[in-house]
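K.L.:
The structure is given below, and queries will be raised subsequently.
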Amino acid sequence: MKRTLQFGLPIALGILAIGFYQAMYVAPVEATMGEIYRIFYYHVPSNTMGLLFPFLNFAASAVYLFTRRSNPSLAQAADALALASAEVALVFLTIGLATGMLWAKPVWGIWWTWDPRLTSCLVLWLIYVSYLLLRRFTAGGQTQTLAAVLSVFAAVDVPIVYMSIRWWRTQHPSPVFFGGPGAGIDPHMWPAVLWNLTGWFLWGVMLVTLRYQLERKRQRVERKSALNALEAEPQMTP
Amino acid sequence: MSYTRIVWAHLAKDLRLEWRSKDAINGMLFFSLLVVVLFSFAFDPTMAVSRQIAGGILWVALLFASTTALNQTWTRELRHQVLDAQRMAPSPASALFLGKVLANFLFVTMIQVVLGPLFIIFYNLHALGQGWWMAVVLPLGTLALVVNGTFFAALSLRTRNREMLLPLILFPVSIPALLAMVQSTSAILTGESDPGLWINMLAGYDIIFMTLCLLLFETILNAE
């Protein structure tokens with residue numbers, strides 16, 4: 001954990017500092033929104049990471065389900081990774097939703113609209129909250145299996161959510177407020193986008209690694225205390 | 001014994017238990033009736049708009065009611081270690097799950113048979129679209145609720161405060177199904193749009209999640 005902090009923290013913070021400089025001072029002012037658009041450089045990376053880490057969670061859960069009998073030590077590592085990526089994904093999704101609302105209020109005039117992408121992100125957020133709640137509410141060895149199964153359900157559900165919400169919204173077209181920067185951005189904005197994407201990606205990887213190492217440590221402590229309890233028993237009952 | 005006979009044995013046992021106690025049916029029936037009455041205080045049901053909100057109210061009432069019953073469906077297996085006996089039995093675990101799903105499906109369908117006419121009376125409904133489509137939407141929607149509900153009830157069976165956990169994990173995953181049920185019911189009641197897309201989606205949801213539940217049920221049953 002120390003090594004992760006020693007190497008990861010300076011690199012991630014350095015790139016984020018460059019990203020901040022690029023986003024705030026170098027990138028040109030957007031034509032219609034003015035300075036307020038600069039939250040874009042934080043909103044987009046957060047949401048990208050919030051959509052990226054769920055894939056890691058699903059992959060780790062699948063590895064856990066396949067190897068929990070044949071290779072328990074690999075399965076334990078996969079479960080720690082699944083937990084770490086779920087927590088970090090939830091943090092990024094929360095930041096993405098919050099920055100989205102902060103951005104929407106001055107630009108669209110409303111905090112929230114039930115647009116397909118917003119709604120899908122909210123449902124993804126809800127599913128990951130329920131995933132972490134399940135982990136919190138279960139005890140003992142069953143937590144990992146149950147959580148991995150729920151992760152598979154989430155992975156199957158999210159594409160269905162996305163499609164259904166798109167159909168829902170195409171039936172009731174919502175007013176179009178503005179075209180959005182997705183229609184293509186000024187080439188001078190790209191450095192800021194890329195620096196921030198890289199910076200937040202490294203930051204996310206570092207958080208996942210730290211959380212993973214913490215969870216591995218907790219697993220080791222738990223195993224040790226279980227072993228100690230087994231060894232201590234004969235002495236207590238003569 | 002063949003697979004269908006094992007499923008039938010599980011189903012018959014659940015139906016017999018329910019016939020003798022009538023816990024789930026009575027509870028669900030009164031609960032959903034209460035929800036319908038409470039909603040009619042919250043929204044004015046005499047307005048023309050009632051046709052648009054009725055689909056949502058019907059399905060939310062059924063969702064809440066089935067959650068209360070689904071919590072009980074596995075708890076009765078815990079008494080006298082029946083569930084441990086099920087796990088040791090040589091029959092496939094998915095047959096146990098399928099039997100439970102069919103039993104719950106029948107219970108919720110019975111609720112709908114009673115609730116449907118009451119709903120029409122309370123909200124002054126008459127379908128402007130093709131009313132008989134409801135005969136397709138209701139079973140498909142019920143199956144979507146019951147398949148995932150039964151699975152997640154088994155999943156949260158051995159957790160702390162399981163009564164609380166079931167809705168917390170069931171509702172987020174059921175959002176697309178609920179959307180499809182409400183949209184297709186509203187489309188039928190208002191006659192403004194075609195429910196076909198939503199019915200197809202509901203059928204797809206049922207097939208996908210039924211397969212997933214049958215595949216993963218053994219993992220859940222033996223999770224220790």
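Please note that chains go A, B, ... in the order of the structure tokens, that every chain numbers its residues from 1, and that ligands are numbered from 1 in the order shown.
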With the cut-off set at 6 Å and counting only C-alpha atoms, tabulate each residue of chain B with an atom at most that distance from an atom of chain A, showing the nearest atom pair and its distance in Å to one decimal, ordered by chain and increasing number, as CSV.
P.N.:
```
residue,atom,partner,partner_atom,distance
B:Thr159,CA,A:Thr138,CA,4.7
B:Arg160,CA,A:Phe137,CA,5.6
B:Ile169,CA,A:Ser130,CA,5.3
B:Pro172,CA,A:Ile127,CA,5.5
B:Pro176,CA,A:Val161,CA,5.2
B:Ala223,CA,A:Gln142,CA,5.1
B:Glu224,CA,A:Gln142,CA,4.6
```
K.L.:
Give me a file of those residues, with C-alpha atoms, as a compact mmCIF listing (two decimals), in the first residue's frame.
P.N.:
```
# COMPACT_ATOMS: atom_id res chain seq x y z
CA THR B 159 -28.92 -12.15 5.64
CA ARG B 160 -29.49 -9.73 8.47
CA ILE B 169 -32.07 -5.28 -4.36
CA PRO B 172 -33.37 -1.41 -9.03
CA PRO B 176 -36.90 -1.87 -16.95
CA ALA B 223 -23.85 -20.17 -0.71
CA GLU B 224 -22.42 -20.52 2.76
```
K.L.:
Tell me, as an MDAnalysis selection string, which residues lie within 12 Å of Glu87 (chain A), counting only C-alpha atoms; anything in the same chain fewer than 4 positions away does not count.
P.N.:
chainID A and resid 49:50 53:54 56:57 80:83 91:94 125 127:133 135 204 207:212 215
K.L.:
Write out as a PyMOL selection string each polymer residue whose atoms come within 8 Å of region 142-155 of chain B, counting only C-alpha atoms; drop sequence neighbours fewer than 6 positions from it.
P.N.:
(chain A and resi 146) or (chain B and resi 63+66-67+70-71+73-74+97+100-101+104-105+108-109+166+169-170+174+177+202+205-206+209-210+213+217+220-221)
K.L.:
Apply DSSP to the backbone of this structure and, from chain B, keep only the residues in helix (DSSP H, G or I); write these as a VMD selection string.
P.N.:
chain B and resid 3 to 21 23 to 42 50 to 88 93 to 122 131 to 155 162 to 190 196 to 221
K.L.:
Between A:Val29, A:Leu194, A:Leu52, A:Val107, single out the one closest to Ser85 (chain A), counting only C-alpha atoms.
P.N.:
A:Leu52
